[in-house]
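Next comes coords.pdb, a file with PDB, C-alpha atoms.
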```
ATOM      1  CA  MET A 174      18.301  11.071  -0.531
ATOM      2  CA  ASN A 175      14.996  12.831  -1.188
ATOM      3  CA  GLU A 176      13.329   9.920  -2.985
ATOM      4  CA  ILE A 177      10.265   8.306  -1.442
ATOM      5  CA  GLY A 178       9.702   4.655  -2.279
ATOM      6  CA  ILE A 179       6.203   3.235  -2.497
ATOM      7  CA  LEU A 180       5.724  -0.338  -1.390
ATOM      8  CA  ILE A 181       2.532  -2.084  -2.510
ATOM      9  CA  PRO A 182       1.831  -5.296  -0.568
ATOM     10  CA  ALA A 183      -0.070  -7.504  -3.030
ATOM     11  CA  ALA A 184       0.743 -11.064  -1.956
ATOM     12  CA  GLY A 185      -2.360 -11.793   0.149
ATOM     13  CA  ALA A 186      -4.720 -14.613  -0.745
ATOM     14  CA  SER A 187      -7.978 -12.611  -1.126
ATOM     15  CA  SER A 188      -9.482 -15.376   1.012
ATOM     16  CA  ARG A 189     -12.644 -13.425   1.835
ATOM     17  CA  MET A 190     -13.453 -12.962  -1.861
ATOM     18  CA  ARG A 191     -14.765 -16.538  -2.188
ATOM     19  CA  GLY A 192     -12.788 -17.485  -5.283
ATOM     20  CA  ARG A 193     -12.362 -14.046  -6.822
ATOM     21  CA  ASP A 194      -9.163 -12.000  -6.636
ATOM     22  CA  LYS A 195      -9.893  -8.526  -5.287
ATOM     23  CA  LEU A 196      -6.715  -7.128  -6.844
ATOM     24  CA  LEU A 197      -7.881  -8.173 -10.297
ATOM     25  CA  GLU A 198     -11.355  -6.637  -9.938
ATOM     26  CA  PRO A 199     -11.839  -4.068 -12.710
ATOM     27  CA  VAL A 200     -11.847  -0.395 -11.751
ATOM     28  CA  GLY A 201     -12.162   2.026 -14.621
ATOM     29  CA  GLY A 202     -11.595  -0.846 -17.040
ATOM     30  CA  VAL A 203      -8.287  -2.044 -15.562
ATOM     31  CA  PRO A 204      -7.389  -4.462 -12.755
ATOM     32  CA  LEU A 205      -7.232  -2.703  -9.376
ATOM     33  CA  LEU A 206      -3.579  -3.718  -8.870
ATOM     34  CA  SER A 207      -2.611  -2.129 -12.186
ATOM     35  CA  LEU A 208      -4.494   1.051 -11.290
ATOM     36  CA  ILE A 209      -2.834   1.365  -7.865
ATOM     37  CA  ALA A 210       0.650   0.705  -9.293
ATOM     38  CA  THR A 211       0.078   3.279 -12.046
ATOM     39  CA  ARG A 212      -1.044   5.892  -9.522
ATOM     40  CA  ALA A 213       2.012   5.185  -7.373
ATOM     41  CA  ARG A 214       4.344   5.428 -10.367
ATOM     42  CA  ALA A 215       2.854   8.832 -11.207
ATOM     43  CA  VAL A 216       4.389  10.280  -8.017
ATOM     44  CA  THR A 217       7.713   8.442  -7.625
ATOM     45  CA  ARG A 218      10.209   6.507  -9.708
ATOM     46  CA  CYS A 219      10.624   3.841  -7.036
ATOM     47  CA  VAL A 220       7.581   1.558  -6.768
ATOM     48  CA  CYS A 221       7.915  -2.014  -5.518
ATOM     49  CA  VAL A 222       5.017  -4.486  -5.646
ATOM     50  CA  ALA A 223       5.218  -7.555  -3.386
ATOM     51  CA  LEU A 224       3.580 -10.523  -5.135
ATOM     52  CA  PRO A 225       2.978 -14.180  -4.281
ATOM     53  CA  GLY A 226       5.519 -16.711  -5.530
ATOM     54  CA  ALA A 227       4.524 -18.140  -8.875
ATOM     55  CA  GLU A 228       3.901 -15.921 -11.845
ATOM     56  CA  GLY A 229       0.222 -15.504 -12.482
ATOM     57  CA  PRO A 230      -2.589 -13.038 -13.100
ATOM     58  CA  ARG A 231      -1.283 -10.454 -10.619
ATOM     59  CA  HIS A 232       2.081 -10.425 -12.389
ATOM     60  CA  ALA A 233       0.236  -9.979 -15.682
ATOM     61  CA  ALA A 234      -1.708  -7.038 -14.204
ATOM     62  CA  ILE A 235       1.509  -5.051 -13.711
ATOM     63  CA  ALA A 236       3.377  -6.333 -16.775
ATOM     64  CA  GLY A 237       4.578  -3.427 -18.859
ATOM     65  CA  LEU A 238       4.409  -0.952 -15.980
ATOM     66  CA  ASP A 239       7.642   0.706 -14.905
ATOM     67  CA  VAL A 240       7.545  -0.832 -11.424
ATOM     68  CA  LYS A 241       9.690  -3.397  -9.675
ATOM     69  CA  TRP A 242       8.123  -6.535  -8.260
ATOM     70  CA  VAL A 243       9.432  -8.967  -5.692
ATOM     71  CA  GLN A 244       8.383 -12.461  -4.824
ATOM     72  CA  VAL A 245       7.161 -13.034  -1.261
ATOM     73  CA  PRO A 246       8.441 -16.478  -0.212
ATOM     74  CA  ASP A 247       5.736 -17.117   2.392
ATOM     75  CA  PRO A 248       2.731 -14.864   1.803
ATOM     76  CA  SER A 249       0.703 -16.843   4.358
ATOM     77  CA  GLU A 250       2.734 -15.027   7.039
ATOM     78  CA  GLY A 251       0.733 -11.901   6.284
ATOM     79  CA  MET A 252       1.631  -8.294   5.637
ATOM     80  CA  ALA A 253       5.008  -8.594   7.398
ATOM     81  CA  ALA A 254       6.336 -11.019   4.777
ATOM     82  CA  SER A 255       5.447  -8.556   2.013
ATOM     83  CA  LEU A 256       7.066  -5.671   3.877
ATOM     84  CA  ARG A 257      10.315  -7.576   4.422
ATOM     85  CA  ALA A 258      10.570  -8.752   0.813
ATOM     86  CA  ALA A 259       9.864  -5.341  -0.690
ATOM     87  CA  LEU A 260      12.023  -3.369   1.748
ATOM     88  CA  ALA A 261      14.977  -5.619   0.911
ATOM     89  CA  ALA A 262      14.506  -4.791  -2.778
ATOM     90  CA  LEU A 263      14.286  -1.010  -2.426
ATOM     91  CA  PRO A 264      17.341   1.213  -2.905
ATOM     92  CA  GLU A 265      19.133   1.967   0.355
ATOM     93  CA  ARG A 266      19.153   5.732  -0.021
ATOM     94  CA  MET A 267      15.488   6.535   0.472
ATOM     95  CA  SER A 268      14.255   9.343   2.691
ATOM     96  CA  GLY A 269      11.134   7.322   3.420
ATOM     97  CA  VAL A 270       8.862   4.520   2.284
ATOM     98  CA  MET A 271       5.116   4.701   1.788
ATOM     99  CA  ILE A 272       3.056   1.581   2.458
ATOM    100  CA  LEU A 273       0.153   1.631  -0.006
ATOM    101  CA  PRO A 274      -2.250  -1.321   0.279
ATOM    102  CA  ALA A 275      -3.337  -2.542  -3.140
ATOM    103  CA  ASP A 276      -7.024  -2.884  -2.249
ATOM    104  CA  MET A 277      -7.832   0.814  -1.834
ATOM    105  CA  PRO A 278      -9.364   2.015  -5.119
ATOM    106  CA  GLU A 279     -10.199   5.538  -3.954
ATOM    107  CA  ILE A 280      -6.612   6.567  -3.169
ATOM    108  CA  ASP A 281      -5.402   8.553  -6.171
ATOM    109  CA  ALA A 282      -2.137  10.125  -7.277
ATOM    110  CA  PRO A 283      -2.964  13.590  -5.841
ATOM    111  CA  ASP A 284      -3.593  11.949  -2.437
ATOM    112  CA  LEU A 285      -0.194  10.256  -2.618
ATOM    113  CA  ARG A 286       1.466  13.498  -3.660
ATOM    114  CA  THR A 287      -0.182  15.400  -0.783
ATOM    115  CA  LEU A 288       1.099  12.870   1.743
ATOM    116  CA  ILE A 289       4.610  12.916   0.250
ATOM    117  CA  ASP A 290       4.676  16.731   0.314
ATOM    118  CA  ALA A 291       3.646  16.710   3.991
ATOM    119  CA  PHE A 292       6.428  14.234   4.762
ATOM    120  CA  ARG A 293       9.009  16.373   2.974
ATOM    121  CA  ASP A 294       7.861  19.479   4.859
ATOM    122  CA  ALA A 295       7.939  17.779   8.285
ATOM    123  CA  PRO A 296       9.750  14.412   8.333
ATOM    124  CA  GLY A 297       8.316  11.782  10.639
ATOM    125  CA  ILE A 298       5.668   9.101  10.292
ATOM    126  CA  TRP A 299       2.731  10.277   8.187
ATOM    127  CA  GLN A 300      -0.571   8.420   8.229
ATOM    128  CA  ALA A 301      -3.556   9.253   6.059
ATOM    129  CA  THR A 302      -6.943   9.417   7.744
ATOM    130  CA  ALA A 303     -10.536   9.680   6.622
ATOM    131  CA  ALA A 304     -12.032  13.177   6.726
ATOM    132  CA  ASP A 305     -13.444  12.362  10.186
ATOM    133  CA  GLY A 306      -9.962  11.484  11.523
ATOM    134  CA  THR A 307     -10.280   7.681  11.394
ATOM    135  CA  PRO A 308      -6.715   6.350  10.854
ATOM    136  CA  GLY A 309      -6.135   4.597   7.551
ATOM    137  CA  HIS A 310      -3.631   4.283   4.705
ATOM    138  CA  PRO A 311      -1.261   5.017   3.154
ATOM    139  CA  VAL A 312       1.460   5.481   5.757
ATOM    140  CA  ILE A 313       4.962   6.884   5.214
ATOM    141  CA  PHE A 314       7.821   5.726   7.442
ATOM    142  CA  PRO A 315      11.086   7.716   7.511
ATOM    143  CA  ALA A 316      14.379   6.056   6.578
ATOM    144  CA  ASP A 317      15.579   5.706  10.169
ATOM    145  CA  LEU A 318      12.625   3.404  10.975
ATOM    146  CA  LEU A 319      12.917   1.102   7.957
ATOM    147  CA  GLY A 320      15.102  -1.374   9.873
ATOM    148  CA  GLU A 321      12.387  -1.709  12.513
ATOM    149  CA  LEU A 322       9.714  -1.954   9.824
ATOM    150  CA  ALA A 323      11.609  -4.836   8.217
ATOM    151  CA  GLU A 324      11.428  -6.726  11.521
ATOM    152  CA  VAL A 325       7.647  -6.655  12.009
ATOM    153  CA  SER A 326       5.882  -9.998  12.071
ATOM    154  CA  GLY A 327       2.437 -11.364  11.345
ATOM    155  CA  ASP A 328      -0.414  -9.504   9.723
ATOM    156  CA  ARG A 329      -0.240  -6.364  11.853
ATOM    157  CA  GLY A 330       2.136  -4.720   9.415
ATOM    158  CA  GLY A 331       3.457  -1.494  10.880
ATOM    159  CA  ARG A 332       0.726  -0.917  13.507
ATOM    160  CA  ASP A 333       3.006  -1.829  16.411
ATOM    161  CA  LEU A 334       5.651   0.498  15.007
ATOM    162  CA  LEU A 335       3.112   3.334  14.854
ATOM    163  CA  ALA A 336       2.272   2.764  18.514
ATOM    164  CA  ARG A 337       5.933   2.557  19.529
ATOM    165  CA  HIS A 338       6.755   5.851  17.801
ATOM    166  CA  ALA A 339       3.500   7.714  18.456
ATOM    167  CA  ASN A 340       5.491  10.844  19.343
ATOM    168  CA  ARG A 341       6.663  11.039  15.713
ATOM    169  CA  LEU A 342       3.252  10.368  14.165
ATOM    170  CA  HIS A 343       1.515  13.011  12.050
ATOM    171  CA  ARG A 344      -1.891  12.491  10.509
ATOM    172  CA  LEU A 345      -3.288  13.976   7.327
ATOM    173  CA  ALA A 346      -7.000  13.851   6.498
ATOM    174  CA  LEU A 347      -7.936  12.884   2.954
ATOM    175  CA  PRO A 348     -11.391  13.662   1.541
ATOM    176  CA  GLY A 349     -14.303  11.413   2.439
ATOM    177  CA  ARG A 350     -13.472   7.857   3.468
ATOM    178  CA  ARG A 351     -10.879   7.103   0.800
ATOM    179  CA  ALA A 352      -8.101   6.464   3.379
ATOM    180  CA  VAL A 353     -10.185   3.706   4.990
ATOM    181  CA  THR A 354     -11.991   2.271   1.951
ATOM    182  CA  ASP A 355     -10.518  -1.161   1.367
ATOM    183  CA  LEU A 356     -12.542  -3.795  -0.429
ATOM    184  CA  ASP A 357     -12.094  -7.308   0.957
ATOM    185  CA  THR A 358     -15.347  -9.154   0.136
ATOM    186  CA  PRO A 359     -17.758  -9.422  -2.808
ATOM    187  CA  GLU A 360     -20.248  -7.475  -0.675
ATOM    188  CA  ASP A 361     -17.712  -4.670  -0.136
ATOM    189  CA  TRP A 362     -17.210  -4.467  -3.891
ATOM    190  CA  ALA A 363     -20.937  -4.506  -4.615
ATOM    191  CA  ARG A 364     -21.609  -1.725  -2.082
ATOM    192  CA  TRP A 365     -18.733   0.337  -3.432
ATOM    193  CA  ARG A 366     -19.990  -0.074  -6.988
ATOM    194  CA  GLY A 367     -23.525   0.743  -5.856
ATOM    195  CA  ALA A 368     -24.891  -2.646  -6.886
ATOM    196  CA  PRO A 369     -26.824  -5.174  -4.788
ATOM    197  CA  ALA A 370     -24.568  -7.813  -3.191
TER     198      ALA A 370
END
```

I'd like the structure from this file rewritten - as structure tokens, please.
Amino acid sequence: MNEIGILIPAAGASSRMRGRDKLLEPVGGVPLLSLIATRARAVTRCVCVALPGAEGPRHAAIAGLDVKWVQVPDPSEGMAASLRAALAALPERMSGVMILPADMPEIDAPDLRTLIDAFRDAPGIWQATAADGTPGHPVIFPADLLGELAEVSGDRGGRDLLARHANRLHRLALPGRRAVTDLDTPEDWARWRGAPA
């Protein structure tokens, strides 16, 4: 029971992208979702991607990767729907589950490995932060909290759970702002790429 699962919520609508899908934006020549799933798979055998119902471009982005995907019946419910669907699909004997948002292009496999190693050394809740201490992602929840995680609702994801179990929370600073760099709008992408919006 030493395996860490990585759950990638990828069922959101990208509504702030004005017609573009942020998870299909190219990073290093591949769709962001494919890149994130590949990085996750580099550190654990158990990666589960939560996708919106019908097959489509996001499914194609992870086709051929050795990851499991699950359909989220009602993605409009927010992050909680993705968490429930993916948690139900993960093997029961996990020591913990990492929540890795799919829109964070700067999080790399060594970052994931560092967080997993910290969790194995001192079990609890582990949250990545920016170098300045700003809380971010990914977050690892231990096995004994997965039942509570599966019961969260709305788009707050596990934030309420973090607050409820603050006494078990450890934070780990990653370099720069990579733990808080998520790209939700065309302007975010343009700034990140260094191009005018």

#### Entry: Which of A:Pro308, A:Glu321, A:Asp361, A:Ile179 sits closest to Arg286 of chain A [using all atoms listed in the file]
A:Ile179

### Query
Applied to the shown file, which residues does the PyMOL selection byres ((chain A and resi 356) around 8) return, written as a PyMOL selection string?
chain A and resi 195+276-277+354-355+357-358+361-362

Hey, can you spit out that residue selection with C-alpha atoms as a PDB file, in the coordinates of the input?
```
ATOM      1  CA  LYS A 195      -9.893  -8.526  -5.287  1.00  0.00           C
ATOM      2  CA  ASP A 276      -7.024  -2.884  -2.249  1.00  0.00           C
ATOM      3  CA  MET A 277      -7.832   0.814  -1.834  1.00  0.00           C
ATOM      4  CA  THR A 354     -11.991   2.271   1.951  1.00  0.00           C
ATOM      5  CA  ASP A 355     -10.518  -1.161   1.367  1.00  0.00           C
ATOM      6  CA  ASP A 357     -12.094  -7.308   0.957  1.00  0.00           C
ATOM      7  CA  THR A 358     -15.347  -9.154   0.136  1.00  0.00           C
ATOM      8  CA  ASP A 361     -17.712  -4.670  -0.136  1.00  0.00           C
ATOM      9  CA  TRP A 362     -17.210  -4.467  -3.891  1.00  0.00           C
TER      10      TRP A 362
END
```

#### Entry: Residues in the PyMOL selection byres ((chain A and resi 341) around 10), expressed as a list in words
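Applied to this file, the PyMOL selection byres ((chain A and resi 341) around 10) returns Pro296, Gly297, Ile298, Trp299, Phe314, Pro315, Leu335, Ala336, Arg337, His338, Ala339, Asn340, Leu342 and His343 of chain A.
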
Using C-alpha atoms, can you write the selected residues to a file as a PDB file, in the frame of the given file?
```pdb
ATOM      1  CA  PRO A 296       9.750  14.412   8.333  1.00  0.00           C
ATOM      2  CA  GLY A 297       8.316  11.782  10.639  1.00  0.00           C
ATOM      3  CA  ILE A 298       5.668   9.101  10.292  1.00  0.00           C
ATOM      4  CA  TRP A 299       2.731  10.277   8.187  1.00  0.00           C
ATOM      5  CA  PHE A 314       7.821   5.726   7.442  1.00  0.00           C
ATOM      6  CA  PRO A 315      11.086   7.716   7.511  1.00  0.00           C
ATOM      7  CA  LEU A 335       3.112   3.334  14.854  1.00  0.00           C
ATOM      8  CA  ALA A 336       2.272   2.764  18.514  1.00  0.00           C
ATOM      9  CA  ARG A 337       5.933   2.557  19.529  1.00  0.00           C
ATOM     10  CA  HIS A 338       6.755   5.851  17.801  1.00  0.00           C
ATOM     11  CA  ALA A 339       3.500   7.714  18.456  1.00  0.00           C
ATOM     12  CA  ASN A 340       5.491  10.844  19.343  1.00  0.00           C
ATOM     13  CA  LEU A 342       3.252  10.368  14.165  1.00  0.00           C
ATOM     14  CA  HIS A 343       1.515  13.011  12.050  1.00  0.00           C
TER      15      HIS A 343
END
```

### Task
Would you mind listing what lies within 10 Å of Gly306 of chain A as a ChimeraX atom specification, with only C-alpha atoms counted and same-chain residues fewer than 6 positions away left out?
/A:344-347,350,352

How would the residues just picked look written out with C-alpha atoms as a JSON list (two decimals), in the frame of the given file?
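The file below, part-v9.json, is the result:
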```
[["chain", "number", "residue", "atom", "x", "y", "z"],
["A", 344, "ARG", "CA", -1.89, 12.49, 10.51],
["A", 345, "LEU", "CA", -3.29, 13.98, 7.33],
["A", 346, "ALA", "CA", -7.00, 13.85, 6.50],
["A", 347, "LEU", "CA", -7.94, 12.88, 2.95],
["A", 350, "ARG", "CA", -13.47, 7.86, 3.47],
["A", 352, "ALA", "CA", -8.10, 6.46, 3.38]]
```

### Task
Enter the distance from atom CA of Ala215 of chain A to atom CA of Thr287 of chain A, in Å, rounded to one decimal.
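Spanning atom CA of Ala215 of chain A to atom CA of Thr287 of chain A is a straight-line distance of 12.7 Å.
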
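Atom CA of Ser207 of chain A sits 17.2 Å away from atom CA of Asp284 of chain A.
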
### Task
Starting from the displayed file, determine the output of the PyMOL selection byres ((chain A and resi 231) around 9) and express the residue list as an NGL selection string.
:A and (183-184 or 194 or 196-197 or 204 or 206-207 or 224-225 or 228-230 or 232-236)

### Query
How far is it from atom CA of Arg257 of chain A to atom CA of Val325 of chain A, in Å with one decimal?
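Result for atom CA of Arg257 of chain A versus atom CA of Val325 of chain A: 8.1 Å, one decimal.
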
### Summary
With distances taken over all atoms listed in the file, the candidate from A:Ile209, A:Cys219, A:Met267, A:Ile177 nearest Val312 of chain A is A:Ile177

### Message
Counting all atoms listed in the file, which residue out of A:Pro246, A:Pro311, A:Gly269, A:Pro278 sits closest to Leu205 of chain A?
### Response
A:Pro278

#### Entry: Nearest to Glu198 of chain A by atom-to-atom distance, counting only C-alpha atoms, from A:Arg218, A:Arg366, A:Arg351, A:Lys241
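Nearest to Glu198 of chain A: A:Arg366.
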
### Message
Residues near Ser255 of chain A, anyone? I mean within 6 Å using all atoms listed in the file, not counting same-chain ones fewer than 3 positions away, as a ChimeraX atom specification.
### Response
/A:182,223,245,252,258

### Message
List as a VMD selection string the residues having at least one atom at most 6 Å from position (11.0, -0.7, -3.3) as given in the file, counting all atoms listed in the file.
### Response
chain A and resid 178 180 219 to 221 259 to 260 262 to 263

Take the residues just selected and output them with C-alpha atoms as an mmCIF file, in the frame of the given file.
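This is the output file selection-v6.cif:
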```
data_model
loop_
_atom_site.group_PDB
_atom_site.id
_atom_site.type_symbol
_atom_site.label_atom_id
_atom_site.label_comp_id
_atom_site.auth_asym_id
_atom_site.auth_seq_id
_atom_site.Cartn_x
_atom_site.Cartn_y
_atom_site.Cartn_z
ATOM 1 C CA GLY A 178 9.702 4.655 -2.279
ATOM 2 C CA LEU A 180 5.724 -0.338 -1.390
ATOM 3 C CA CYS A 219 10.624 3.841 -7.036
ATOM 4 C CA VAL A 220 7.581 1.558 -6.768
ATOM 5 C CA CYS A 221 7.915 -2.014 -5.518
ATOM 6 C CA ALA A 259 9.864 -5.341 -0.690
ATOM 7 C CA LEU A 260 12.023 -3.369 1.748
ATOM 8 C CA ALA A 262 14.506 -4.791 -2.778
ATOM 9 C CA LEU A 263 14.286 -1.010 -2.426
#
```

### Task
Point out the residue among A:Leu322, A:Glu279, A:Ala303, A:Asp294 with the least atom-to-atom distance to Val200 of chain A, counting all atoms listed in the file.
A:Glu279

Place N, CA and C atoms on segment 357-369 of chain A and deliver the coordinates as a PDB file, in the frame of the given file.
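Output below, filename result_6.pdb:
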```pdb
ATOM      1  N   ASP A 357     -12.579  -5.957   0.667  1.00  0.00           N
ATOM      2  CA  ASP A 357     -12.094  -7.308   0.957  1.00  0.00           C
ATOM      3  C   ASP A 357     -13.064  -8.423   0.601  1.00  0.00           C
ATOM      4  N   THR A 358     -14.338  -8.117   0.393  1.00  0.00           N
ATOM      5  CA  THR A 358     -15.347  -9.154   0.136  1.00  0.00           C
ATOM      6  C   THR A 358     -16.170  -8.781  -1.096  1.00  0.00           C
ATOM      7  N   PRO A 359     -16.866  -9.761  -1.691  1.00  0.00           N
ATOM      8  CA  PRO A 359     -17.758  -9.422  -2.808  1.00  0.00           C
ATOM      9  C   PRO A 359     -18.807  -8.380  -2.405  1.00  0.00           C
ATOM     10  N   GLU A 360     -19.263  -8.448  -1.151  1.00  0.00           N
ATOM     11  CA  GLU A 360     -20.248  -7.475  -0.675  1.00  0.00           C
ATOM     12  C   GLU A 360     -19.656  -6.070  -0.603  1.00  0.00           C
ATOM     13  N   ASP A 361     -18.393  -5.975  -0.145  1.00  0.00           N
ATOM     14  CA  ASP A 361     -17.712  -4.670  -0.136  1.00  0.00           C
ATOM     15  C   ASP A 361     -17.669  -4.089  -1.545  1.00  0.00           C
ATOM     16  N   TRP A 362     -17.298  -4.920  -2.506  1.00  0.00           N
ATOM     17  CA  TRP A 362     -17.210  -4.467  -3.891  1.00  0.00           C
ATOM     18  C   TRP A 362     -18.571  -4.041  -4.414  1.00  0.00           C
ATOM     19  N   ALA A 363     -19.595  -4.835  -4.131  1.00  0.00           N
ATOM     20  CA  ALA A 363     -20.937  -4.506  -4.615  1.00  0.00           C
ATOM     21  C   ALA A 363     -21.421  -3.183  -4.023  1.00  0.00           C
ATOM     22  N   ARG A 364     -21.211  -2.993  -2.720  1.00  0.00           N
ATOM     23  CA  ARG A 364     -21.609  -1.725  -2.082  1.00  0.00           C
ATOM     24  C   ARG A 364     -20.857  -0.553  -2.703  1.00  0.00           C
ATOM     25  N   TRP A 365     -19.553  -0.740  -2.886  1.00  0.00           N
ATOM     26  CA  TRP A 365     -18.733   0.337  -3.432  1.00  0.00           C
ATOM     27  C   TRP A 365     -19.171   0.703  -4.849  1.00  0.00           C
ATOM     28  N   ARG A 366     -19.536  -0.312  -5.613  1.00  0.00           N
ATOM     29  CA  ARG A 366     -19.990  -0.074  -6.988  1.00  0.00           C
ATOM     30  C   ARG A 366     -21.447   0.375  -7.040  1.00  0.00           C
ATOM     31  N   GLY A 367     -22.129   0.324  -5.893  1.00  0.00           N
ATOM     32  CA  GLY A 367     -23.525   0.743  -5.856  1.00  0.00           C
ATOM     33  C   GLY A 367     -24.486  -0.296  -6.380  1.00  0.00           C
ATOM     34  N   ALA A 368     -24.042  -1.559  -6.391  1.00  0.00           N
ATOM     35  CA  ALA A 368     -24.891  -2.646  -6.886  1.00  0.00           C
ATOM     36  C   ALA A 368     -25.331  -3.514  -5.712  1.00  0.00           C
ATOM     37  N   PRO A 369     -26.440  -4.248  -5.860  1.00  0.00           N
ATOM     38  CA  PRO A 369     -26.824  -5.174  -4.788  1.00  0.00           C
ATOM     39  C   PRO A 369     -25.810  -6.301  -4.662  1.00  0.00           C
TER      40      PRO A 369
END
```
